[in-house]
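Undergrad: Below is query.txt; it holds compact mmCIF, C-alpha atoms.
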# COMPACT_ATOMS: atom_id res chain seq x y z
CA MET A 1 -87.32 109.84 -35.10
CA VAL A 2 -90.52 111.57 -36.04
CA ALA A 3 -91.96 113.54 -33.15
CA ARG A 4 -94.85 111.53 -31.73
CA ASN A 5 -96.88 114.37 -30.28
CA ARG A 6 -99.94 113.14 -32.12
CA HIS A 7 -102.37 115.14 -30.03
CA PRO A 8 -102.28 118.76 -28.95
CA THR A 9 -101.64 119.26 -25.24
CA SER A 10 -105.28 120.06 -24.64
CA TYR A 11 -106.13 116.49 -25.64
CA PHE A 12 -103.91 115.05 -22.95
CA ASP A 13 -105.17 117.57 -20.42
CA LYS A 14 -108.67 116.23 -20.87
CA VAL A 15 -108.35 112.61 -21.86
CA ASN A 16 -105.02 111.38 -20.63
CA MET A 17 -105.22 112.37 -16.97
CA LYS A 18 -103.33 110.01 -14.73
CA LYS A 19 -105.02 108.52 -11.73
CA SER A 20 -103.27 108.43 -8.35
CA ILE A 21 -103.15 104.92 -6.94
CA GLY A 22 -101.13 105.71 -3.81
CA ALA A 23 -97.64 105.12 -2.45
CA LYS A 24 -97.24 101.46 -3.39
CA THR A 25 -94.41 99.14 -4.39
CA ILE A 26 -95.47 98.81 -8.01
CA LEU A 27 -92.86 98.35 -10.72
CA TYR A 28 -93.24 96.38 -13.94
CA PRO A 29 -91.60 93.99 -14.32
CA ALA A 30 -90.04 92.69 -11.11
CA PRO A 31 -87.80 89.61 -11.19
CA VAL A 32 -88.35 86.29 -9.43
CA LEU A 33 -85.08 85.59 -7.61
CA ILE A 34 -84.43 82.54 -5.48
CA VAL A 35 -81.90 83.36 -2.77
CA GLY A 36 -79.68 80.42 -1.83
CA THR A 37 -78.03 80.40 1.62
CA TYR A 38 -76.66 78.11 4.31
CA ASP A 39 -77.74 78.38 7.92
CA LYS A 40 -75.26 78.23 10.82
CA ASN A 41 -75.46 74.43 10.77
CA GLY A 42 -74.71 74.26 7.06
CA ASN A 43 -78.25 73.40 6.03
CA PRO A 44 -79.23 74.88 2.66
CA ASN A 45 -82.21 77.20 2.31
CA ALA A 46 -83.97 78.81 -0.64
CA MET A 47 -86.22 81.87 -0.50
CA THR A 48 -88.04 83.77 -3.20
CA ALA A 49 -87.58 87.53 -3.45
CA ALA A 50 -88.73 90.12 -5.98
CA TRP A 51 -87.14 93.19 -4.40
CA GLY A 52 -83.82 93.21 -6.20
CA GLY A 53 -81.86 93.92 -9.35
CA ILE A 54 -78.48 94.81 -10.77
CA CYS A 55 -77.08 97.93 -9.05
CA CYS A 56 -73.55 98.44 -10.41
CA SER A 57 -71.57 97.47 -13.51
CA SER A 58 -68.09 97.64 -11.96
CA PRO A 59 -67.72 95.81 -9.70
CA PRO A 60 -70.69 93.83 -10.99
CA CYS A 61 -73.20 93.97 -8.15
CA VAL A 62 -76.76 92.91 -7.47
CA THR A 63 -79.12 93.89 -4.66
CA ILE A 64 -81.65 91.84 -2.79
CA SER A 65 -83.87 93.22 -0.03
CA LEU A 66 -85.04 90.97 2.79
CA ARG A 67 -86.94 91.42 6.03
CA LYS A 68 -84.94 90.76 9.18
CA ALA A 69 -87.52 88.16 10.23
CA THR A 70 -86.58 85.83 7.38
CA TYR A 71 -84.31 82.84 7.82
CA SER A 72 -82.32 83.92 4.76
CA TYR A 73 -81.54 87.29 6.37
CA SER A 74 -79.80 85.58 9.28
CA ASN A 75 -78.05 83.20 6.92
CA ILE A 76 -76.60 86.02 4.80
CA VAL A 77 -75.42 87.89 7.90
CA GLU A 78 -73.82 84.61 9.10
CA ASN A 79 -71.99 83.81 5.87
CA ASN A 80 -71.63 87.13 4.00
CA ALA A 81 -72.68 85.22 0.93
CA TYR A 82 -75.68 84.18 -1.15
CA THR A 83 -76.60 82.94 -4.58
CA LEU A 84 -79.40 84.24 -6.79
CA ASN A 85 -81.04 81.53 -8.84
CA ILE A 86 -83.27 82.26 -11.82
CA PRO A 87 -85.99 79.62 -12.21
CA SER A 88 -87.44 78.77 -15.59
CA GLU A 89 -91.22 78.77 -16.06
CA ASN A 90 -91.60 75.05 -15.42
CA TYR A 91 -90.42 75.61 -11.85
CA VAL A 92 -93.03 78.27 -11.05
CA SER A 93 -94.65 76.10 -8.34
CA GLU A 94 -91.36 75.58 -6.55
CA ALA A 95 -90.48 79.27 -6.91
CA ASP A 96 -93.79 80.26 -5.33
CA TYR A 97 -93.43 77.66 -2.58
CA PHE A 98 -89.98 79.01 -1.67
CA GLY A 99 -91.66 82.35 -0.96
CA ILE A 100 -94.55 80.98 1.10
CA VAL A 101 -92.77 78.77 3.64
CA SER A 102 -89.91 79.66 6.00
CA GLY A 103 -86.72 77.63 6.19
CA LYS A 104 -87.08 77.86 9.96
CA ASN A 105 -89.92 75.36 9.71
CA GLU A 106 -89.23 73.25 6.63
CA ASP A 107 -86.35 71.82 4.64
CA LYS A 108 -87.43 73.30 1.32
CA PHE A 109 -84.92 71.34 -0.72
CA LYS A 110 -86.20 68.09 0.74
CA THR A 111 -89.82 69.05 0.11
CA THR A 112 -89.27 70.02 -3.51
CA GLY A 113 -86.62 67.49 -4.39
CA LEU A 114 -84.44 70.21 -5.87
CA THR A 115 -80.69 69.84 -5.51
CA PRO A 116 -78.48 72.26 -3.52
CA VAL A 117 -74.93 72.45 -4.86
CA LYS A 118 -72.22 74.11 -2.80
CA SER A 119 -70.66 77.04 -4.62
CA GLU A 120 -66.89 76.82 -4.95
CA LEU A 121 -66.62 80.60 -4.70
CA VAL A 122 -68.85 81.56 -1.77
CA ASN A 123 -70.34 79.78 1.23
CA ALA A 124 -73.80 79.40 -0.28
CA PRO A 125 -75.64 76.75 -2.27
CA TYR A 126 -77.05 77.16 -5.76
CA ILE A 127 -79.93 75.22 -7.26
CA GLN A 128 -78.79 72.60 -9.73
CA GLU A 129 -82.03 72.43 -11.70
CA PHE A 130 -82.32 76.19 -12.37
CA PRO A 131 -80.76 77.44 -15.60
CA LEU A 132 -78.98 80.59 -14.38
CA VAL A 133 -77.12 81.26 -11.13
CA LEU A 134 -75.26 84.26 -9.68
CA GLU A 135 -72.72 83.65 -6.90
CA CYS A 136 -72.49 86.70 -4.65
CA LYS A 137 -70.16 87.92 -1.92
CA LEU A 138 -71.80 90.40 0.45
CA LEU A 139 -70.30 93.88 -0.07
CA HIS A 140 -72.74 96.23 1.68
CA THR A 141 -75.71 96.07 4.02
CA PHE A 142 -78.03 99.08 3.85
CA GLU A 143 -80.93 99.60 6.23
CA ILE A 144 -83.89 101.08 4.37
CA GLY A 145 -86.94 100.37 6.54
CA LEU A 146 -88.90 97.14 6.82
CA HIS A 147 -86.40 95.67 4.37
CA THR A 148 -82.64 95.49 4.62
CA GLN A 149 -80.84 95.80 1.32
CA PHE A 150 -77.91 93.49 0.69
CA VAL A 151 -75.50 94.44 -2.09
CA GLY A 152 -73.55 91.48 -3.36
CA GLU A 153 -70.61 91.41 -5.72
CA ILE A 154 -71.28 88.93 -8.50
CA LEU A 155 -68.18 86.70 -8.45
CA ASP A 156 -69.45 84.45 -11.23
CA VAL A 157 -72.51 83.67 -13.31
CA LYS A 158 -73.15 80.03 -14.11
CA ALA A 159 -75.56 78.75 -16.71
CA GLU A 160 -76.77 75.50 -18.14
CA GLU A 161 -75.04 74.87 -21.46
CA ALA A 162 -78.46 74.30 -23.00
CA VAL A 163 -79.52 77.94 -22.43
CA LEU A 164 -76.44 79.51 -24.00
CA SER A 165 -76.64 81.14 -27.40
CA GLU A 166 -73.93 80.95 -30.05
CA ASN A 167 -72.02 83.85 -28.48
CA GLY A 168 -71.84 81.97 -25.17
CA MET A 169 -74.27 84.26 -23.34
CA PRO A 170 -77.57 83.06 -21.84
CA ASP A 171 -80.52 83.39 -24.23
CA ILE A 172 -83.48 84.81 -22.30
CA LYS A 173 -85.98 82.74 -24.31
CA LYS A 174 -84.07 79.58 -23.43
CA VAL A 175 -83.68 80.56 -19.78
CA ASN A 176 -87.44 81.26 -19.87
CA PRO A 177 -87.50 83.17 -16.58
CA ILE A 178 -90.52 84.22 -14.55
CA LEU A 179 -91.68 87.82 -14.09
CA TYR A 180 -93.56 89.00 -11.02
CA ALA A 181 -96.40 91.46 -11.51
CA THR A 182 -96.19 93.32 -8.21
CA ALA A 183 -99.62 94.97 -8.15
CA GLU A 184 -101.49 91.84 -9.22
CA LYS A 185 -99.40 89.23 -7.39
CA LYS A 186 -99.23 87.08 -10.53
CA TYR A 187 -96.42 85.43 -12.44
CA PHE A 188 -95.89 85.98 -16.16
CA GLY A 189 -93.57 84.60 -18.80
CA ILE A 190 -91.34 86.32 -21.34
CA GLY A 191 -92.95 87.61 -24.53
CA ASN A 192 -91.55 88.33 -27.94
CA LYS A 193 -88.44 90.27 -28.86
CA ILE A 194 -89.38 93.85 -29.66
CA GLY A 195 -86.03 95.42 -30.51
CA ASP A 196 -82.28 95.69 -30.11
CA ALA A 197 -81.03 98.00 -27.36
CA PHE A 198 -78.71 100.88 -28.28
CA SER A 199 -80.02 100.47 -31.81
CA ILE A 200 -83.78 100.76 -32.29
CA GLY A 201 -83.76 104.34 -30.95
CA LYS A 202 -80.97 105.57 -33.24
CA GLY A 203 -81.48 107.93 -36.10
CA SER A 204 -83.68 110.12 -33.99
CA LYS A 205 -82.42 113.55 -34.95
CA MET B 1 -96.03 69.03 -4.20
CA VAL B 2 -94.48 65.87 -5.52
CA ALA B 3 -90.71 65.88 -5.20
CA ARG B 4 -89.27 66.64 -8.63
CA ASN B 5 -85.96 64.88 -8.26
CA ARG B 6 -86.60 62.98 -11.46
CA HIS B 7 -83.00 61.99 -11.94
CA PRO B 8 -80.50 60.51 -9.51
CA THR B 9 -77.73 62.90 -8.50
CA SER B 10 -75.29 61.08 -10.72
CA TYR B 11 -77.33 62.20 -13.73
CA PHE B 12 -76.89 65.86 -12.82
CA ASP B 13 -73.23 65.31 -12.06
CA LYS B 14 -72.67 64.22 -15.61
CA VAL B 15 -75.23 65.98 -17.74
CA ASN B 16 -76.34 69.07 -15.93
CA MET B 17 -72.99 70.71 -15.27
CA LYS B 18 -73.18 74.48 -15.22
CA LYS B 19 -70.82 76.52 -17.31
CA SER B 20 -69.03 79.54 -15.85
CA ILE B 21 -69.62 82.66 -17.93
CA GLY B 22 -67.77 85.10 -15.70
CA ALA B 23 -68.50 87.97 -13.32
CA LYS B 24 -71.10 89.80 -15.39
CA THR B 25 -74.19 91.90 -14.74
CA ILE B 26 -76.66 89.30 -15.97
CA LEU B 27 -80.10 89.08 -14.41
CA TYR B 28 -83.33 88.06 -16.14
CA PRO B 29 -85.44 90.06 -16.43
CA ALA B 30 -84.27 93.62 -15.86
CA PRO B 31 -86.76 96.49 -16.11
CA VAL B 32 -86.69 99.41 -18.56
CA LEU B 33 -87.07 102.51 -16.39
CA ILE B 34 -87.12 106.05 -17.72
CA VAL B 35 -85.78 108.45 -15.09
CA GLY B 36 -87.41 111.90 -15.21
CA THR B 37 -85.49 114.87 -13.75
CA TYR B 38 -85.09 118.63 -14.02
CA ASP B 39 -81.70 120.28 -14.48
CA LYS B 40 -80.66 123.36 -12.49
CA ASN B 41 -82.37 125.57 -15.06
CA GLY B 42 -85.63 123.66 -14.81
CA ASN B 43 -85.25 121.89 -18.14
CA PRO B 44 -86.73 118.37 -18.15
CA ASN B 45 -84.62 115.34 -18.97
CA ALA B 46 -85.34 111.65 -19.46
CA MET B 47 -82.84 108.81 -19.25
CA THR B 48 -83.20 105.08 -19.57
CA ALA B 49 -81.87 102.81 -16.83
CA ALA B 50 -82.09 99.08 -16.21
CA TRP B 51 -80.15 98.92 -12.95
CA GLY B 52 -83.01 99.32 -10.49
CA GLY B 53 -85.94 97.79 -8.69
CA ILE B 54 -88.11 97.90 -5.61
CA CYS B 55 -85.96 97.72 -2.45
CA CYS B 56 -88.33 98.18 0.51
CA SER B 57 -92.03 97.73 1.25
CA SER B 58 -92.30 100.22 4.11
CA PRO B 59 -91.59 102.95 3.36
CA PRO B 60 -92.18 101.97 -0.26
CA CYS B 61 -88.81 102.54 -1.95
CA VAL B 62 -87.22 101.97 -5.31
CA THR B 63 -83.57 102.06 -6.34
CA ILE B 64 -81.97 103.34 -9.48
CA SER B 65 -78.23 103.21 -10.17
CA LEU B 66 -76.59 105.85 -12.35
CA ARG B 67 -73.05 106.76 -13.35
CA LYS B 68 -71.81 110.11 -12.05
CA ALA B 69 -71.09 111.18 -15.63
CA THR B 70 -74.77 111.23 -16.55
CA TYR B 71 -76.82 114.41 -16.69
CA SER B 72 -79.54 112.71 -14.64
CA TYR B 73 -77.08 112.01 -11.81
CA SER B 74 -76.41 115.76 -11.39
CA ASN B 75 -80.10 116.52 -11.68
CA ILE B 76 -81.06 114.10 -8.90
CA VAL B 77 -78.33 115.48 -6.63
CA GLU B 78 -79.63 118.99 -7.40
CA ASN B 79 -83.30 118.28 -6.69
CA ASN B 80 -83.35 115.22 -4.41
CA ALA B 81 -86.14 113.95 -6.61
CA TYR B 82 -86.90 111.86 -9.69
CA THR B 83 -89.69 110.02 -11.38
CA LEU B 84 -89.56 106.52 -12.83
CA ASN B 85 -91.67 106.12 -15.93
CA ILE B 86 -92.64 102.73 -17.35
CA PRO B 87 -92.96 102.84 -21.14
CA SER B 88 -95.31 100.55 -22.98
CA GLU B 89 -94.03 98.49 -25.92
CA ASN B 90 -95.09 101.01 -28.55
CA TYR B 91 -92.60 103.50 -27.09
CA VAL B 92 -89.60 101.15 -27.34
CA SER B 93 -87.83 103.45 -29.83
CA GLU B 94 -88.13 106.45 -27.53
CA ALA B 95 -87.09 104.34 -24.52
CA ASP B 96 -83.96 103.22 -26.35
CA TYR B 97 -83.20 106.74 -27.58
CA PHE B 98 -83.40 108.08 -24.00
CA GLY B 99 -80.57 105.70 -23.14
CA ILE B 100 -78.35 106.52 -26.11
CA VAL B 101 -78.21 110.33 -26.02
CA SER B 102 -77.23 112.62 -23.12
CA GLY B 103 -79.45 115.48 -21.98
CA LYS B 104 -76.28 117.55 -21.88
CA ASN B 105 -76.38 117.62 -25.64
CA GLU B 106 -80.02 117.28 -26.64
CA ASP B 107 -83.50 118.23 -25.45
CA LYS B 108 -84.88 114.70 -25.53
CA PHE B 109 -88.47 115.76 -24.96
CA LYS B 110 -88.30 118.10 -27.94
CA THR B 111 -86.74 115.43 -30.13
CA THR B 112 -89.29 112.78 -29.29
CA GLY B 113 -92.33 115.01 -28.91
CA LEU B 114 -93.16 113.39 -25.59
CA THR B 115 -94.70 115.60 -22.92
CA PRO B 116 -93.02 116.39 -19.57
CA VAL B 117 -95.54 117.08 -16.79
CA LYS B 118 -94.37 118.62 -13.52
CA SER B 119 -95.09 116.38 -10.56
CA GLU B 120 -97.10 118.06 -7.83
CA LEU B 121 -95.26 115.99 -5.20
CA VAL B 122 -91.59 116.25 -6.14
CA ASN B 123 -89.47 118.56 -8.26
CA ALA B 124 -89.27 116.25 -11.24
CA PRO B 125 -91.22 115.74 -14.45
CA TYR B 126 -93.10 112.62 -15.48
CA ILE B 127 -93.89 111.52 -19.01
CA GLN B 128 -97.50 112.09 -19.94
CA GLU B 129 -97.66 109.43 -22.64
CA PHE B 130 -96.30 106.56 -20.52
CA PRO B 131 -98.89 104.44 -18.70
CA LEU B 132 -97.28 104.11 -15.25
CA VAL B 133 -95.29 106.63 -13.23
CA LEU B 134 -93.59 106.58 -9.79
CA GLU B 135 -92.88 109.90 -8.07
CA CYS B 136 -89.83 109.56 -5.83
CA LYS B 137 -88.17 111.62 -3.11
CA LEU B 138 -84.48 110.86 -2.65
CA LEU B 139 -83.92 109.08 0.67
CA HIS B 140 -80.42 107.62 0.42
CA THR B 141 -77.39 107.82 -1.86
CA PHE B 142 -75.10 104.80 -1.74
CA GLU B 143 -71.74 104.64 -3.50
CA ILE B 144 -71.18 101.17 -4.94
CA GLY B 145 -68.52 101.58 -7.61
CA LEU B 146 -68.92 102.84 -11.16
CA HIS B 147 -72.59 103.34 -10.32
CA THR B 148 -74.14 105.36 -7.53
CA GLN B 149 -77.33 103.92 -6.12
CA PHE B 150 -80.17 106.29 -5.37
CA VAL B 151 -82.93 105.04 -3.08
CA GLY B 152 -86.14 106.97 -3.52
CA GLU B 153 -89.28 106.86 -1.45
CA ILE B 154 -92.28 106.30 -3.69
CA LEU B 155 -94.65 109.13 -2.73
CA ASP B 156 -97.27 108.17 -5.29
CA VAL B 157 -97.87 105.90 -8.26
CA LYS B 158 -99.89 107.33 -11.10
CA ALA B 159 -101.42 105.34 -13.93
CA GLU B 160 -103.51 105.87 -17.02
CA GLU B 161 -107.10 104.95 -16.26
CA ALA B 162 -107.05 102.74 -19.35
CA VAL B 163 -104.46 100.37 -17.81
CA LEU B 164 -106.29 99.83 -14.52
CA SER B 165 -108.06 96.56 -13.82
CA GLU B 166 -111.38 96.25 -12.00
CA ASN B 167 -109.67 96.35 -8.60
CA GLY B 168 -108.07 99.70 -9.46
CA MET B 169 -104.55 98.34 -9.79
CA PRO B 170 -102.49 98.50 -13.00
CA ASP B 171 -102.87 95.40 -15.19
CA ILE B 172 -99.42 94.37 -16.47
CA LYS B 173 -100.82 93.22 -19.81
CA LYS B 174 -102.47 96.61 -20.33
CA VAL B 175 -99.38 98.51 -19.19
CA ASN B 176 -97.47 96.28 -21.63
CA PRO B 177 -94.01 97.17 -20.28
CA ILE B 178 -90.65 96.42 -21.83
CA LEU B 179 -88.10 93.97 -20.40
CA TYR B 180 -84.38 94.32 -20.91
CA ALA B 181 -82.37 91.17 -21.56
CA THR B 182 -79.06 92.22 -20.04
CA ALA B 183 -76.75 89.65 -21.61
CA GLU B 184 -78.18 90.05 -25.10
CA LYS B 185 -78.90 93.79 -25.08
CA LYS B 186 -82.38 93.18 -26.48
CA TYR B 187 -85.87 94.28 -25.47
CA PHE B 188 -88.70 91.82 -24.92
CA GLY B 189 -92.39 92.07 -24.15
CA ILE B 190 -94.53 90.43 -21.49
CA GLY B 191 -95.67 86.85 -22.08
CA ASN B 192 -98.58 84.89 -20.74
CA LYS B 193 -99.74 84.54 -17.17
CA ILE B 194 -98.29 81.40 -15.65
CA GLY B 195 -99.69 81.45 -12.12
CA ASP B 196 -100.91 83.28 -9.04
CA ALA B 197 -98.29 84.19 -6.46
CA PHE B 198 -98.66 82.90 -2.90
CA SER B 199 -100.99 80.31 -4.36
CA ILE B 200 -99.57 78.06 -7.08
CA GLY B 201 -96.90 76.74 -4.71
CA LYS B 202 -99.29 75.82 -1.90
CA GLY B 203 -100.16 72.29 -0.90
CA SER B 204 -96.56 71.25 -1.08
CA LYS B 205 -96.26 69.09 2.00
How does this structure look as structure tokens?
TA:
Amino acid sequence: MVARNRHPTSYFDKVNMKKSIGAKTILYPAPVLIVGTYDKNGNPNAMTAAWGGICCSSPPCVTISLRKATYSYSNIVENNAYTLNIPSENYVSEADYFGIVSGKNEDKFKTTGLTPVKSELVNAPYIQEFPLVLECKLLHTFEIGLHTQFVGEILDVKAEEAVLSENGMPDIKKVNPILYATAEKKYFGIGNKIGDAFSIGKGSK
Amino acid sequence: MVARNRHPTSYFDKVNMKKSIGAKTILYPAPVLIVGTYDKNGNPNAMTAAWGGICCSSPPCVTISLRKATYSYSNIVENNAYTLNIPSENYVSEADYFGIVSGKNEDKFKTTGLTPVKSELVNAPYIQEFPLVLECKLLHTFEIGLHTQFVGEILDVKAEEAVLSENGMPDIKKVNPILYATAEKKYFGIGNKIGDAFSIGKGSK
């Protein structure tokens, strides 16, 4: 790798000054995750969350942070289980709707016509129409502040056959997931491939 | 919103069966986060991580999960501080390199020519050339398994003036961040805007 210090430090000192924009929850990109749960009566609910991500490789774990006031929070505490469902772009309206309305007041599956399917591994429903699903068993509950962080062990990942590549893994361009731009409160799609990981940065000495 | 149940359930039962692909750390998209730290001698280090995300709105917090074997793990424990730096697409080679090589063996700032700048808020360096930076004070350390999860309070976000939109917030298309496709081990860019959050899903009753 050729050193990329294309300007002397004095250039950056003058031109490249960073501007403080405050203590905000800005991170690019954030995911759009639909949390699938059952309530105490066995009714399925779906809620959109962007505060989450993979947090451990072994055991494979994923976090999702929810406010205690949400219906999904109570449902996860009740069942120690949830699914994370990755919507494709064509379900952006449903994904947004799941984040606007509470399951306390509406049957969101009925409203959208989407299909809850009971997981065979955990007591939570996944969304039939979404291309990629993680089935999670609650491992840890961490209190952070306004949000409670749930850490779930990923017991299985399920995908539509149509989104799998030749090696049997989900192809991100076929899954066609949604990104959430936290600072702008807008949804974006996936762009072009720009490189192979653990490869494009080699040969740097 | 018109119900989208365009096929009777029997259709999904037959055609839309999901395939199990195992208990894997697959989530689309994952971010590409460069963790900035100082070692005990005050030498700056940068490491790439994809296991992280926002985890609380108040206080504003972000998680990053690292293996204990990494140099950055020791540095965070030493200083209770780190920065998260969001590279733009044109730094994909450096971002990948930061994830391949250990700071135990190489001075990654020297190799890449990128510029470490000492944060005025926490004892950690940020990367001058990257458009978006989060300065984080360690709040919690959670043991999950192979990875340890650090929860940092975001004390400030700093951005290049050039990536700010008219409302003073960073524009994701100008930041031009990198996405990590976990199952494929490939990097992707940001695509097109597909909707406004808390808006496109309204009017669904």
Undergrad: Give as an mmCIF file with C-alpha atoms, in the frame of the given file every residue, naming chains and numbers as the document does, that has an atom within 9 Å of (-84.9, 106.3, -9.8), counting only C-alpha atoms.
TA:
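Output contents, as saved in result_6.cif:
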data_model
loop_
_atom_site.group_PDB
_atom_site.id
_atom_site.type_symbol
_atom_site.label_atom_id
_atom_site.label_comp_id
_atom_site.auth_asym_id
_atom_site.auth_seq_id
_atom_site.Cartn_x
_atom_site.Cartn_y
_atom_site.Cartn_z
ATOM 1 C CA LEU B 33 -87.070 102.510 -16.390
ATOM 2 C CA ILE B 34 -87.120 106.050 -17.720
ATOM 3 C CA VAL B 35 -85.780 108.450 -15.090
ATOM 4 C CA GLY B 36 -87.410 111.900 -15.210
ATOM 5 C CA ALA B 49 -81.870 102.810 -16.830
ATOM 6 C CA GLY B 52 -83.010 99.320 -10.490
ATOM 7 C CA GLY B 53 -85.940 97.790 -8.690
ATOM 8 C CA VAL B 62 -87.220 101.970 -5.310
ATOM 9 C CA THR B 63 -83.570 102.060 -6.340
ATOM 10 C CA ILE B 64 -81.970 103.340 -9.480
ATOM 11 C CA SER B 65 -78.230 103.210 -10.170
ATOM 12 C CA LEU B 66 -76.590 105.850 -12.350
ATOM 13 C CA ILE B 76 -81.060 114.100 -8.900
ATOM 14 C CA ALA B 81 -86.140 113.950 -6.610
ATOM 15 C CA TYR B 82 -86.900 111.860 -9.690
ATOM 16 C CA THR B 83 -89.690 110.020 -11.380
ATOM 17 C CA LEU B 84 -89.560 106.520 -12.830
ATOM 18 C CA LEU B 134 -93.590 106.580 -9.790
ATOM 19 C CA GLU B 135 -92.880 109.900 -8.070
ATOM 20 C CA CYS B 136 -89.830 109.560 -5.830
ATOM 21 C CA LEU B 138 -84.480 110.860 -2.650
ATOM 22 C CA GLN B 149 -77.330 103.920 -6.120
ATOM 23 C CA PHE B 150 -80.170 106.290 -5.370
ATOM 24 C CA VAL B 151 -82.930 105.040 -3.080
ATOM 25 C CA GLY B 152 -86.140 106.970 -3.520
#
Undergrad: Contacts from chain A to chain B, 6 Å maximum, only C-alpha atoms: show me the residue list as number ranges by chain.
TA: A: 3-5, 18-25, 29, 31, 51-56, 58, 60, 65, 93-94, 96-97, 112-113, 145-147, 154-160, 185-197, 200-201
Undergrad: Have a look at CA of Ala124 in chain B and CA of Gly103 in chain B and let me know their distance in Å, one decimal.
TA: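 Separation of CA of Ala124 in chain B and CA of Gly103 in chain B: 14.6 Å.
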Undergrad: If you take every atom of range 99-108 of chain B that the file lists and fit an axis-aligned box around them with 6 Å extra on each side, what centre and edge lengths come out in Å to one decimal, as lines of an AutoDock Vina configuration file?
TA:
center_x = -80.6
center_y = 112.0
center_z = -24.3
size_x = 20.6
size_y = 24.5
size_z = 16.8
Undergrad: Name the residues within 8 Å of (-73.9, 78.7, 5.8), counting all atoms listed in the file in the file's coordinates, and put them as a ChimeraX atom specification.
TA: /A:37-44,75-76,78-79,123-124
Undergrad: If I take CA of Pro125 in chain B and CA of Lys104 in chain B, how far is one from the other in Å, to one decimal?
TA: 16.8 Å
Undergrad: Hey, can you check how far CA of Thr141 in chain A sits from CA of Val122 in chain A?
TA: 17.1 Å
Undergrad: Closest to Lys137 in chain A among A:Val163, A:Val77, A:Val117, A:Ser88, using all atoms listed in the file?
TA: A:Val77
Undergrad: Could you give me range 37-41 of chain A completed to all heavy atoms, formatted as a short mmCIF file (atom, residue, chain, number, x, y, z; two decimals), in the frame of the given file?
TA:
data_model
loop_
_atom_site.label_atom_id
_atom_site.label_comp_id
_atom_site.auth_asym_id
_atom_site.auth_seq_id
_atom_site.Cartn_x
_atom_site.Cartn_y
_atom_site.Cartn_z
N THR A 37 -78.90 80.15 0.46
CA THR A 37 -78.03 80.40 1.62
C THR A 37 -77.84 79.12 2.44
O THR A 37 -78.62 78.17 2.31
CB THR A 37 -78.63 81.46 2.58
OG1 THR A 37 -79.94 81.02 3.00
CG2 THR A 37 -78.74 82.82 1.92
N TYR A 38 -76.82 79.14 3.28
CA TYR A 38 -76.66 78.11 4.31
C TYR A 38 -76.98 78.71 5.67
O TYR A 38 -76.64 79.87 5.94
CB TYR A 38 -75.22 77.58 4.36
CG TYR A 38 -74.86 76.67 3.21
CD1 TYR A 38 -73.81 77.01 2.35
CD2 TYR A 38 -75.53 75.46 3.00
CE1 TYR A 38 -73.45 76.16 1.30
CE2 TYR A 38 -75.18 74.62 1.95
CZ TYR A 38 -74.14 74.98 1.10
OH TYR A 38 -73.80 74.15 0.08
N ASP A 39 -77.58 77.91 6.55
CA ASP A 39 -77.74 78.38 7.92
C ASP A 39 -76.48 78.05 8.71
O ASP A 39 -75.51 77.49 8.18
CB ASP A 39 -79.03 77.84 8.56
CG ASP A 39 -79.00 76.35 8.86
OD1 ASP A 39 -77.91 75.73 8.77
OD2 ASP A 39 -80.06 75.78 9.19
N LYS A 40 -76.48 78.38 10.01
CA LYS A 40 -75.26 78.23 10.82
C LYS A 40 -74.84 76.77 10.96
O LYS A 40 -73.70 76.48 11.29
CB LYS A 40 -75.44 78.89 12.19
CG LYS A 40 -76.60 78.33 12.99
CD LYS A 40 -76.85 79.16 14.26
CE LYS A 40 -78.13 78.66 14.93
NZ LYS A 40 -78.51 79.50 16.09
N ASN A 41 -75.79 75.86 10.71
CA ASN A 41 -75.46 74.43 10.77
C ASN A 41 -75.11 73.85 9.39
O ASN A 41 -74.92 72.65 9.25
CB ASN A 41 -76.64 73.65 11.37
CG ASN A 41 -76.93 74.09 12.78
OD1 ASN A 41 -76.01 74.25 13.59
ND2 ASN A 41 -78.21 74.31 13.09
#
